[in-house]
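> Contents of data02.cif (mmCIF, C-alpha atoms):
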data_my_file
loop_
_atom_site.group_PDB
_atom_site.id
_atom_site.type_symbol
_atom_site.label_atom_id
_atom_site.label_comp_id
_atom_site.auth_asym_id
_atom_site.auth_seq_id
_atom_site.Cartn_x
_atom_site.Cartn_y
_atom_site.Cartn_z
ATOM 1 C CA MET A 1 -84.009 13.501 -37.411
ATOM 2 C CA SER A 2 -82.640 15.073 -34.256
ATOM 3 C CA ASP A 3 -80.311 13.027 -32.051
ATOM 4 C CA VAL A 4 -81.572 14.771 -28.898
ATOM 5 C CA GLU A 5 -83.088 12.285 -26.451
ATOM 6 C CA ARG A 6 -86.727 12.922 -25.579
ATOM 7 C CA GLY A 7 -88.285 12.296 -22.218
ATOM 8 C CA ALA A 8 -91.766 12.276 -20.763
ATOM 9 C CA LEU A 9 -91.659 16.066 -20.359
ATOM 10 C CA SER A 10 -91.006 18.509 -23.151
ATOM 11 C CA ASP A 11 -88.702 21.518 -22.808
ATOM 12 C CA ALA A 12 -91.742 23.789 -22.576
ATOM 13 C CA ASP A 13 -93.138 21.777 -19.662
ATOM 14 C CA ARG A 14 -89.799 21.840 -17.867
ATOM 15 C CA ASN A 15 -89.740 25.627 -18.029
ATOM 16 C CA GLN A 16 -93.021 25.883 -16.126
ATOM 17 C CA ALA A 17 -92.504 26.252 -12.375
ATOM 18 C CA ARG A 18 -95.660 24.276 -11.490
ATOM 19 C CA ILE A 19 -94.205 21.262 -13.300
ATOM 20 C CA ARG A 20 -90.489 21.777 -12.803
ATOM 21 C CA VAL A 21 -90.561 22.096 -8.990
ATOM 22 C CA PRO A 22 -92.623 18.936 -8.216
ATOM 23 C CA PHE A 23 -90.583 17.027 -10.771
ATOM 24 C CA LEU A 24 -87.330 18.147 -9.107
ATOM 25 C CA ILE A 25 -88.652 17.251 -5.652
ATOM 26 C CA ALA A 26 -89.673 13.799 -6.867
ATOM 27 C CA ARG A 27 -86.214 13.221 -8.368
ATOM 28 C CA VAL A 28 -84.520 14.250 -5.129
ATOM 29 C CA LEU A 29 -86.761 11.984 -3.053
ATOM 30 C CA VAL A 30 -86.124 9.018 -5.356
ATOM 31 C CA LEU A 31 -82.379 9.650 -5.217
ATOM 32 C CA ILE A 32 -82.437 9.817 -1.416
ATOM 33 C CA GLY A 33 -84.447 6.598 -1.275
ATOM 34 C CA LEU A 34 -81.963 4.807 -3.532
ATOM 35 C CA LEU A 35 -79.026 6.055 -1.462
ATOM 36 C CA VAL A 36 -80.636 4.911 1.785
ATOM 37 C CA ALA A 37 -81.528 1.501 0.342
ATOM 38 C CA GLY A 38 -78.151 0.980 -1.339
ATOM 39 C CA LEU A 39 -75.611 2.660 0.933
ATOM 40 C CA GLY A 40 -77.540 2.487 4.209
ATOM 41 C CA PRO A 41 -76.657 -1.124 5.106
ATOM 42 C CA LEU A 42 -73.007 -0.648 4.111
ATOM 43 C CA LEU A 43 -72.644 2.538 6.134
ATOM 44 C CA TRP A 44 -74.357 0.940 9.134
ATOM 45 C CA LEU A 45 -72.019 -2.042 8.896
ATOM 46 C CA LEU A 46 -69.020 0.295 8.846
ATOM 47 C CA LYS A 47 -70.350 2.136 11.883
ATOM 48 C CA ALA A 48 -71.082 -1.087 13.764
ATOM 49 C CA SER A 49 -67.667 -2.567 12.931
ATOM 50 C CA ILE A 50 -65.840 0.299 14.651
ATOM 51 C CA SER A 51 -68.273 0.629 17.572
ATOM 52 C CA PRO A 52 -68.301 -1.215 20.916
ATOM 53 C CA THR A 53 -70.531 -4.267 21.008
ATOM 54 C CA GLN A 54 -72.889 -2.719 23.560
ATOM 55 C CA ASP A 55 -73.546 0.266 21.299
ATOM 56 C CA SER A 56 -74.671 -2.008 18.471
ATOM 57 C CA ILE A 57 -76.921 -4.009 20.814
ATOM 58 C CA ARG A 58 -78.534 -1.214 22.824
ATOM 59 C CA GLU A 59 -78.828 1.530 20.191
ATOM 60 C CA PRO A 60 -78.092 -0.013 16.785
ATOM 61 C CA LEU A 61 -79.294 3.021 14.792
ATOM 62 C CA ALA A 62 -77.579 5.660 16.926
ATOM 63 C CA LEU A 63 -74.336 7.237 15.711
ATOM 64 C CA PHE A 64 -71.687 6.292 18.316
ATOM 65 C CA PRO A 65 -73.902 6.812 21.410
ATOM 66 C CA SER A 66 -71.000 6.178 23.787
ATOM 67 C CA GLY A 67 -68.698 8.487 21.814
ATOM 68 C CA GLU A 68 -66.128 5.706 21.403
ATOM 69 C CA VAL A 69 -64.733 4.752 18.007
ATOM 70 C CA GLN A 70 -62.720 1.513 17.909
ATOM 71 C CA TRP A 71 -60.770 1.444 14.661
ATOM 72 C CA GLN A 72 -58.679 -1.372 16.112
ATOM 73 C CA ASN A 73 -61.630 -3.710 15.605
ATOM 74 C CA LEU A 74 -60.681 -4.026 11.937
ATOM 75 C CA ALA A 75 -57.108 -5.031 12.781
ATOM 76 C CA THR A 76 -58.340 -7.441 15.466
ATOM 77 C CA ALA A 77 -60.736 -9.106 13.035
ATOM 78 C CA TRP A 78 -57.958 -9.406 10.454
ATOM 79 C CA GLN A 79 -55.556 -11.032 12.930
ATOM 80 C CA GLN A 80 -57.721 -13.067 15.299
ATOM 81 C CA GLY A 81 -60.259 -14.130 12.692
ATOM 82 C CA HIS A 82 -57.576 -14.853 10.047
ATOM 83 C CA ILE A 83 -59.663 -12.853 7.591
ATOM 84 C CA GLY A 84 -56.687 -12.434 5.276
ATOM 85 C CA TYR A 85 -56.217 -16.195 4.961
ATOM 86 C CA TYR A 86 -59.897 -16.843 4.246
ATOM 87 C CA LEU A 87 -59.988 -13.948 1.782
ATOM 88 C CA GLY A 88 -57.114 -15.649 -0.019
ATOM 89 C CA ASN A 89 -59.174 -18.847 -0.295
ATOM 90 C CA THR A 90 -62.117 -16.794 -1.523
ATOM 91 C CA ALA A 91 -59.945 -15.113 -4.153
ATOM 92 C CA ILE A 92 -58.745 -18.510 -5.408
ATOM 93 C CA ILE A 93 -62.321 -19.764 -5.618
ATOM 94 C CA ALA A 94 -63.512 -16.595 -7.376
ATOM 95 C CA ALA A 95 -60.639 -16.593 -9.880
ATOM 96 C CA GLY A 96 -61.100 -20.284 -10.691
ATOM 97 C CA THR A 97 -64.851 -19.852 -11.064
ATOM 98 C CA ALA A 98 -64.393 -16.885 -13.399
ATOM 99 C CA PHE A 99 -61.852 -18.762 -15.527
ATOM 100 C CA THR A 100 -63.957 -21.910 -15.870
ATOM 101 C CA SER A 101 -67.065 -19.810 -16.527
ATOM 102 C CA LEU A 102 -65.300 -18.043 -19.376
ATOM 103 C CA ILE A 103 -64.290 -21.334 -20.958
ATOM 104 C CA VAL A 104 -67.732 -22.940 -20.676
ATOM 105 C CA CYS A 105 -69.805 -19.874 -21.577
ATOM 106 C CA THR A 106 -67.730 -18.768 -24.565
ATOM 107 C CA THR A 107 -67.443 -22.226 -26.087
ATOM 108 C CA ALA A 108 -71.119 -23.021 -25.502
ATOM 109 C CA GLY A 109 -72.198 -19.647 -26.844
ATOM 110 C CA TYR A 110 -69.944 -20.058 -29.874
ATOM 111 C CA VAL A 111 -71.374 -23.472 -30.696
ATOM 112 C CA LEU A 112 -74.983 -22.343 -30.312
ATOM 113 C CA SER A 113 -74.642 -18.973 -32.010
ATOM 114 C CA VAL A 114 -71.959 -19.355 -34.678
ATOM 115 C CA LEU A 115 -71.562 -23.052 -35.503
ATOM 116 C CA ARG A 116 -75.307 -23.695 -35.124
ATOM 117 C CA PRO A 117 -75.529 -27.507 -35.152
ATOM 118 C CA ARG A 118 -78.843 -29.215 -35.822
ATOM 119 C CA TRP A 119 -79.344 -30.005 -32.175
ATOM 120 C CA GLY A 120 -78.538 -26.400 -31.199
ATOM 121 C CA PRO A 121 -82.155 -25.243 -30.651
ATOM 122 C CA LEU A 122 -82.836 -28.266 -28.456
ATOM 123 C CA LEU A 123 -79.761 -27.547 -26.331
ATOM 124 C CA SER A 124 -80.677 -23.850 -26.089
ATOM 125 C CA ALA A 125 -84.147 -24.804 -24.873
ATOM 126 C CA ALA A 126 -82.681 -27.225 -22.319
ATOM 127 C CA ILE A 127 -80.342 -24.518 -21.004
ATOM 128 C CA LEU A 128 -83.227 -22.059 -20.770
ATOM 129 C CA VAL A 129 -85.342 -24.551 -18.837
ATOM 130 C CA THR A 130 -82.676 -24.841 -16.122
ATOM 131 C CA LEU A 131 -83.247 -21.169 -15.262
ATOM 132 C CA PHE A 132 -86.685 -22.120 -13.950
ATOM 133 C CA VAL A 133 -85.388 -24.904 -11.701
ATOM 134 C CA PRO A 134 -84.866 -23.689 -8.105
ATOM 135 C CA HIS A 135 -81.297 -24.032 -6.969
ATOM 136 C CA ILE A 136 -82.281 -25.963 -3.856
ATOM 137 C CA VAL A 137 -83.927 -28.655 -6.023
ATOM 138 C CA SER A 138 -80.683 -29.431 -7.854
ATOM 139 C CA LEU A 139 -78.550 -29.264 -4.715
ATOM 140 C CA VAL A 140 -78.711 -32.975 -3.811
ATOM 141 C CA PRO A 141 -78.115 -34.318 -7.368
ATOM 142 C CA LEU A 142 -75.264 -31.860 -7.801
ATOM 143 C CA TYR A 143 -73.683 -32.932 -4.513
ATOM 144 C CA LEU A 144 -73.955 -36.614 -5.456
ATOM 145 C CA THR A 145 -72.335 -35.807 -8.799
ATOM 146 C CA VAL A 146 -69.417 -34.063 -7.087
ATOM 147 C CA LEU A 147 -69.160 -36.886 -4.570
ATOM 148 C CA LYS A 148 -68.659 -39.403 -7.377
ATOM 149 C CA LEU A 149 -67.913 -37.773 -10.690
ATOM 150 C CA PRO A 150 -69.356 -39.756 -13.618
ATOM 151 C CA VAL A 151 -66.976 -41.722 -15.886
ATOM 152 C CA VAL A 152 -63.838 -41.042 -13.805
ATOM 153 C CA HIS A 153 -65.543 -41.823 -10.440
ATOM 154 C CA ALA A 154 -63.445 -39.190 -8.665
ATOM 155 C CA ASN A 155 -64.440 -37.549 -5.390
ATOM 156 C CA LEU A 156 -64.110 -33.775 -5.771
ATOM 157 C CA THR A 157 -65.128 -32.812 -2.231
ATOM 158 C CA ASN A 158 -62.485 -30.843 -0.325
ATOM 159 C CA THR A 159 -60.974 -29.702 -3.605
ATOM 160 C CA PHE A 160 -61.425 -26.354 -5.326
ATOM 161 C CA TRP A 161 -62.754 -28.189 -8.391
ATOM 162 C CA ALA A 162 -65.961 -28.821 -6.445
ATOM 163 C CA VAL A 163 -66.649 -25.065 -6.274
ATOM 164 C CA TRP A 164 -65.163 -24.187 -9.666
ATOM 165 C CA LEU A 165 -67.036 -26.537 -11.985
ATOM 166 C CA PRO A 166 -70.766 -26.278 -11.001
ATOM 167 C CA PRO A 167 -71.053 -22.468 -11.311
ATOM 168 C CA ALA A 168 -69.133 -22.573 -14.614
ATOM 169 C CA ALA A 169 -72.187 -23.982 -16.380
ATOM 170 C CA SER A 170 -74.371 -21.036 -15.459
ATOM 171 C CA ALA A 171 -77.339 -20.970 -17.826
ATOM 172 C CA PHE A 172 -77.699 -17.215 -17.452
ATOM 173 C CA ASN A 173 -74.086 -16.550 -18.440
ATOM 174 C CA VAL A 174 -74.301 -18.940 -21.395
ATOM 175 C CA LEU A 175 -77.432 -17.254 -22.698
ATOM 176 C CA ILE A 176 -76.140 -13.676 -22.420
ATOM 177 C CA VAL A 177 -72.903 -14.682 -24.174
ATOM 178 C CA LYS A 178 -74.894 -16.437 -26.905
ATOM 179 C CA ARG A 179 -77.090 -13.362 -27.239
ATOM 180 C CA PHE A 180 -74.007 -11.202 -27.690
ATOM 181 C CA PHE A 181 -72.545 -13.567 -30.298
ATOM 182 C CA ASP A 182 -75.879 -13.484 -32.151
ATOM 183 C CA GLY A 183 -75.411 -9.766 -32.674
ATOM 184 C CA ILE A 184 -72.028 -10.054 -34.371
ATOM 185 C CA PRO A 185 -72.614 -9.514 -38.121
ATOM 186 C CA ARG A 186 -72.519 -12.783 -40.065
ATOM 187 C CA GLU A 187 -70.404 -11.082 -42.723
ATOM 188 C CA TYR A 188 -67.430 -11.210 -40.360
ATOM 189 C CA PHE A 189 -67.596 -14.992 -40.174
ATOM 190 C CA GLU A 190 -68.072 -15.369 -43.900
ATOM 191 C CA ALA A 191 -65.069 -13.157 -44.623
ATOM 192 C CA ALA A 192 -62.951 -15.132 -42.153
ATOM 193 C CA ARG A 193 -63.927 -18.436 -43.738
ATOM 194 C CA ILE A 194 -63.161 -17.088 -47.215
ATOM 195 C CA ASP A 195 -59.684 -16.218 -45.927
ATOM 196 C CA GLY A 196 -59.275 -19.842 -44.878
ATOM 197 C CA ALA A 197 -59.856 -19.512 -41.132
ATOM 198 C CA GLY A 198 -61.188 -22.605 -39.425
ATOM 199 C CA ALA A 199 -63.709 -22.743 -36.585
ATOM 200 C CA LEU A 200 -61.027 -22.504 -33.897
ATOM 201 C CA ARG A 201 -59.279 -19.596 -35.620
ATOM 202 C CA VAL A 202 -62.571 -17.720 -36.009
ATOM 203 C CA PHE A 203 -63.263 -18.252 -32.314
ATOM 204 C CA THR A 204 -59.871 -17.108 -31.009
ATOM 205 C CA SER A 205 -59.041 -14.361 -33.522
ATOM 206 C CA LEU A 206 -62.448 -12.886 -34.287
ATOM 207 C CA VAL A 207 -65.141 -13.723 -31.754
ATOM 208 C CA LEU A 208 -63.184 -13.348 -28.525
ATOM 209 C CA PRO A 209 -61.570 -9.969 -29.372
ATOM 210 C CA LEU A 210 -64.996 -8.567 -30.307
ATOM 211 C CA SER A 211 -66.562 -9.905 -27.099
ATOM 212 C CA ARG A 212 -64.447 -8.207 -24.465
ATOM 213 C CA PRO A 213 -67.356 -6.213 -22.946
ATOM 214 C CA ILE A 214 -69.568 -9.242 -22.365
ATOM 215 C CA LEU A 215 -66.619 -11.338 -21.175
ATOM 216 C CA GLY A 216 -65.945 -8.689 -18.543
ATOM 217 C CA VAL A 217 -69.559 -8.930 -17.440
ATOM 218 C CA VAL A 218 -69.287 -12.721 -17.113
ATOM 219 C CA VAL A 219 -66.094 -12.414 -15.076
ATOM 220 C CA LEU A 220 -67.590 -9.831 -12.730
ATOM 221 C CA LEU A 221 -70.830 -11.768 -12.259
ATOM 222 C CA SER A 222 -68.900 -14.973 -11.576
ATOM 223 C CA ILE A 223 -66.624 -13.313 -9.029
ATOM 224 C CA ILE A 224 -69.451 -11.640 -7.138
ATOM 225 C CA SER A 225 -71.584 -14.803 -7.175
ATOM 226 C CA SER A 226 -68.783 -17.005 -5.853
ATOM 227 C CA TRP A 227 -67.752 -14.387 -3.302
ATOM 228 C CA LYS A 228 -71.155 -14.358 -1.622
ATOM 229 C CA ASP A 229 -71.935 -18.077 -1.970
ATOM 230 C CA TYR A 230 -72.289 -19.832 1.362
ATOM 231 C CA LEU A 231 -74.268 -23.082 1.194
ATOM 232 C CA TRP A 232 -72.387 -24.866 -1.582
ATOM 233 C CA PRO A 233 -68.850 -24.233 -0.217
ATOM 234 C CA LEU A 234 -70.115 -25.274 3.221
ATOM 235 C CA LEU A 235 -71.232 -28.637 1.815
ATOM 236 C CA VAL A 236 -68.260 -29.537 -0.371
ATOM 237 C CA LEU A 237 -65.387 -27.887 1.533
ATOM 238 C CA THR A 238 -65.464 -29.410 4.996
ATOM 239 C CA ASN A 239 -61.735 -28.828 5.448
ATOM 240 C CA PRO A 240 -61.394 -25.464 7.290
ATOM 241 C CA ASP A 241 -58.118 -24.748 5.485
ATOM 242 C CA LEU A 242 -59.983 -24.564 2.150
ATOM 243 C CA GLN A 243 -63.092 -22.665 3.208
ATOM 244 C CA PRO A 244 -63.861 -19.154 1.931
ATOM 245 C CA VAL A 245 -64.584 -16.180 4.133
ATOM 246 C CA SER A 246 -68.369 -16.588 3.738
ATOM 247 C CA VAL A 247 -68.179 -19.974 5.489
ATOM 248 C CA ALA A 248 -65.554 -18.916 8.017
ATOM 249 C CA LEU A 249 -67.384 -15.838 9.343
ATOM 250 C CA PRO A 250 -70.194 -17.755 11.130
ATOM 251 C CA LYS A 251 -67.556 -19.899 12.819
ATOM 252 C CA ILE A 252 -65.633 -16.808 13.885
ATOM 253 C CA ALA A 253 -68.834 -15.483 15.470
ATOM 254 C CA LYS A 254 -68.794 -18.339 17.987
ATOM 255 C CA VAL A 255 -65.431 -17.313 19.471
ATOM 256 C CA THR A 256 -65.402 -13.506 19.058
ATOM 257 C CA GLU A 257 -67.501 -10.544 20.107
ATOM 258 C CA LEU A 258 -70.173 -9.067 17.871
ATOM 259 C CA ASN A 259 -68.155 -5.997 16.898
ATOM 260 C CA ILE A 260 -65.215 -8.163 15.773
ATOM 261 C CA GLN A 261 -67.570 -10.326 13.724
ATOM 262 C CA LEU A 262 -69.083 -7.248 12.071
ATOM 263 C CA ALA A 263 -65.609 -5.894 11.386
ATOM 264 C CA GLY A 264 -64.698 -9.140 9.634
ATOM 265 C CA LEU A 265 -67.928 -8.965 7.638
ATOM 266 C CA PHE A 266 -67.109 -5.408 6.565
ATOM 267 C CA LEU A 267 -63.628 -6.441 5.430
ATOM 268 C CA ALA A 268 -65.130 -9.297 3.418
ATOM 269 C CA LEU A 269 -67.485 -6.878 1.653
ATOM 270 C CA LEU A 270 -64.833 -4.360 0.663
ATOM 271 C CA ILE A 271 -63.359 -6.295 -2.268
ATOM 272 C CA PRO A 272 -66.559 -7.108 -4.231
ATOM 273 C CA VAL A 273 -67.900 -3.588 -3.667
ATOM 274 C CA ALA A 274 -64.592 -2.090 -4.791
ATOM 275 C CA LEU A 275 -64.535 -4.324 -7.871
ATOM 276 C CA PHE A 276 -67.986 -3.182 -8.911
ATOM 277 C CA LEU A 277 -67.186 0.485 -8.329
ATOM 278 C CA VAL A 278 -63.993 0.237 -10.381
ATOM 279 C CA PHE A 279 -65.517 -1.727 -13.251
ATOM 280 C CA GLN A 280 -69.102 -0.447 -13.123
ATOM 281 C CA ARG A 281 -68.790 1.456 -16.402
ATOM 282 C CA ALA A 282 -67.478 -1.584 -18.259
ATOM 283 C CA PHE A 283 -70.089 -3.764 -16.552
ATOM 284 C CA LEU A 284 -73.020 -1.554 -17.517
ATOM 285 C CA ARG A 285 -71.678 -1.096 -21.039
ATOM 286 C CA GLY A 286 -71.312 -4.859 -21.432
ATOM 287 C CA VAL A 287 -74.861 -5.454 -20.212
ATOM 288 C CA GLY A 288 -76.117 -2.805 -22.608
ATOM 289 C CA LEU A 289 -74.291 -4.470 -25.473
ATOM 290 C CA SER A 290 -75.575 -7.944 -24.595
ATOM 291 C CA GLY A 291 -77.718 -7.683 -27.692
ATOM 292 C CA GLY A 292 -74.522 -7.823 -29.744
ATOM 293 C CA ILE A 293 -72.564 -5.612 -32.089
ATOM 294 C CA LYS A 294 -74.363 -3.730 -34.801
ATOM 295 C CA ALA A 295 -72.707 -2.956 -38.086
#
Could I get this structure in the form of structure tokens?

Amino acid sequence: MSDVERGALSDADRNQARIRVPFLIARVLVLIGLLVAGLGPLLWLLKASISPTQDSIREPLALFPSGEVQWQNLATAWQQGHIGYYLGNTAIIAAGTAFTSLIVCTTAGYVLSVLRPRWGPLLSAAILVTLFVPHIVSLVPLYLTVLKLPVVHANLTNTFWAVWLPPAASAFNVLIVKRFFDGIPREYFEAARIDGAGALRVFTSLVLPLSRPILGVVVLLSIISSWKDYLWPLLVLTNPDLQPVSVALPKIAKVTELNIQLAGLFLALLIPVALFLVFQRAFLRGVGLSGGIKA
């Protein structure tokens, strides 16, 4: 059989002008719509961050109506708003969240997919059910848990552990990692056990090296999720010295002009957008391989 991909239109249809031209126009219009929806807000934010405040208030959609471009707004937001300091806190939170997510998701996925205990299906069903629970419903129980951690009775508020641990047990991440592990051929595990490898050796020497694409997806999802999170860090990190940039920006808005606030918001968006652009190929490949590895 031919390896050529087939679409809705055949080659003969594409060669007909009455079909090719409308099809091309539709593709161009869809592309323009996607660009406007995806890049439009980012480009407007860039324009507003280097514009005077009055321009953004009076004519928000106009392109520099006063003719003045204030690139110094970015430097002012960085210095006066201490954006660099809050970005550092955000980076610590994102890195810790990604690390803890990797530990929880890989070990949970390994237990459910490879070790397969008797209670595995019940645990998988319980994890799946949590996806249907609105986040706001679990907010109060989760806060009470962080306020007085069971068994050790420790108070995790105003510590980075309070923002590292809850997102680590993401049901979505656990399930996509388990799904990936399910696709690894069972023959690999059998061969490793015949060679005398134990469960831990199979996990570290076989499963993890084969799972780099999906692990990259988990890391990227964890970083982006923690970077944009606002409500949970606001609740558990009341100390301003520990707060991320998402919590600090609304406070900066009370003491700075609108253009400086928008400049700080643009600076906060640069890193997650840059991360996705740099690692988008690995991210999309990992999502595509979430069904696992085929022999």
> Between A:Thr107, A:Ser56, A:Thr238, A:Thr145, which residue has the minimum interatomic distance to A:Thr204, considering only C-alpha atoms?
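The closest residue to A:Thr204 is A:Thr107.
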> Could you tell me which residues the PyMOL selection byres ((chain A and resi 40-47) around 9) returns for this structure, as a list in words?
Leu35, Val36, Ala37, Gly38, Leu39, Ala48, Ser49, Ile50, Ser51, Ser56, Pro60, Leu61, Leu63, Phe64, Val69, Leu262, Ala263, Leu265, Phe266 and Leu269 of chain A
> Work out how far atom CA of A:Gln261 is from atom CA of A:Leu249, in Å to one decimal.
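Interatomic distance, atom CA of A:Leu249 to atom CA of A:Gln261: 7.0 Å.
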> Quick one: which stretch 53-157 of chain A residues come within 10 Å of stretch 187-203 of chain A, and what is the nearest atom pair for each with the distance in Å to one decimal, counting all atoms listed in the file, rows ordered by chain and ascending number, as a tab-separated table?

residue	atom	partner	partner_atom	distance
A:Thr106	CA	A:Phe203	CA	9.0
A:Thr107	CA	A:Phe203	CA	8.5
A:Tyr110	CA	A:Phe203	CA	7.3
A:Val111	CA	A:Ala199	CA	9.7
A:Val114	CA	A:Phe189	CA	8.3
A:Leu115	CA	A:Ala199	CA	7.9
> I'd like to see the residues matched by the PyMOL selection byres ((chain A and resi 156) around 10) on this file, and ideally I'd get them as a PyMOL selection string.
chain A and resi 143+145-149+153-155+157-163+165+236-237
> What gap, in Å, lies between atom CA of A:Ile271 and atom CA of A:Thr256?
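Interatomic distance, atom CA of A:Ile271 to atom CA of A:Thr256: 22.6 Å.
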> Given the PyMOL selection byres ((chain A and resi 76) around 12) and the file above, list the residues it selects as a list in words.
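Selected by the PyMOL selection byres ((chain A and resi 76) around 12) in this file: Ser49, Ile50, Gln70, Trp71, Gln72, Asn73, Leu74, Ala75, Ala77, Trp78, Gln79, Gln80, Gly81, His82, Ile83, Gly84, Ile252, Thr256, Glu257, Asn259, Ile260, Gln261, Leu262, Ala263, Gly264 and Leu267 of chain A.
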> Check the smallest atom-to-atom distance from each of A:Pro250, A:Pro240, A:Pro209, A:Pro166 to A:Ser222 using all atoms listed in the file, then report the winner.
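Nearest to A:Ser222: A:Pro166.
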> In terms of the shortest atom-to-atom distance over only C-alpha atoms, which of A:Pro233, A:Gly109, A:Pro213, A:Pro244 is closest to A:Leu123?
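Checking each candidate against A:Leu123, we get A:Gly109 as the closest.
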> Select all residues near (-64.6, -13.3, 1.4) (cut-off 6 Å, inclusive, file coordinates), counting only C-alpha atoms, and output them as a list in words.
Leu87, Thr90, Trp227, Pro244, Val245, Ser246 and Ala268 of chain A
> Enter the distance from atom CA of A:Val104 to atom CA of A:Tyr86, in Å, rounded to one decimal.
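About the pair atom CA of A:Val104 and atom CA of A:Tyr86: they are 26.8 Å apart.
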> Nearest residue to A:Ser124 out of A:Ala248, A:Ala171, A:Ile214, A:Val140, using all atoms listed in the file?
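Residue with the minimum atom-to-atom distance to A:Ser124: A:Ala171.
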> Could you tell me which of A:Ala125, A:Gln54, A:Arg27, A:Ile19 comes closest to A:Ser66 if we count all atoms listed in the file?
A:Gln54
> Given the choices A:Ala253, A:Val278, A:Val30, A:Val177, which gets closest to A:Leu112 if the distance is worked out from only C-alpha atoms?
A:Val177
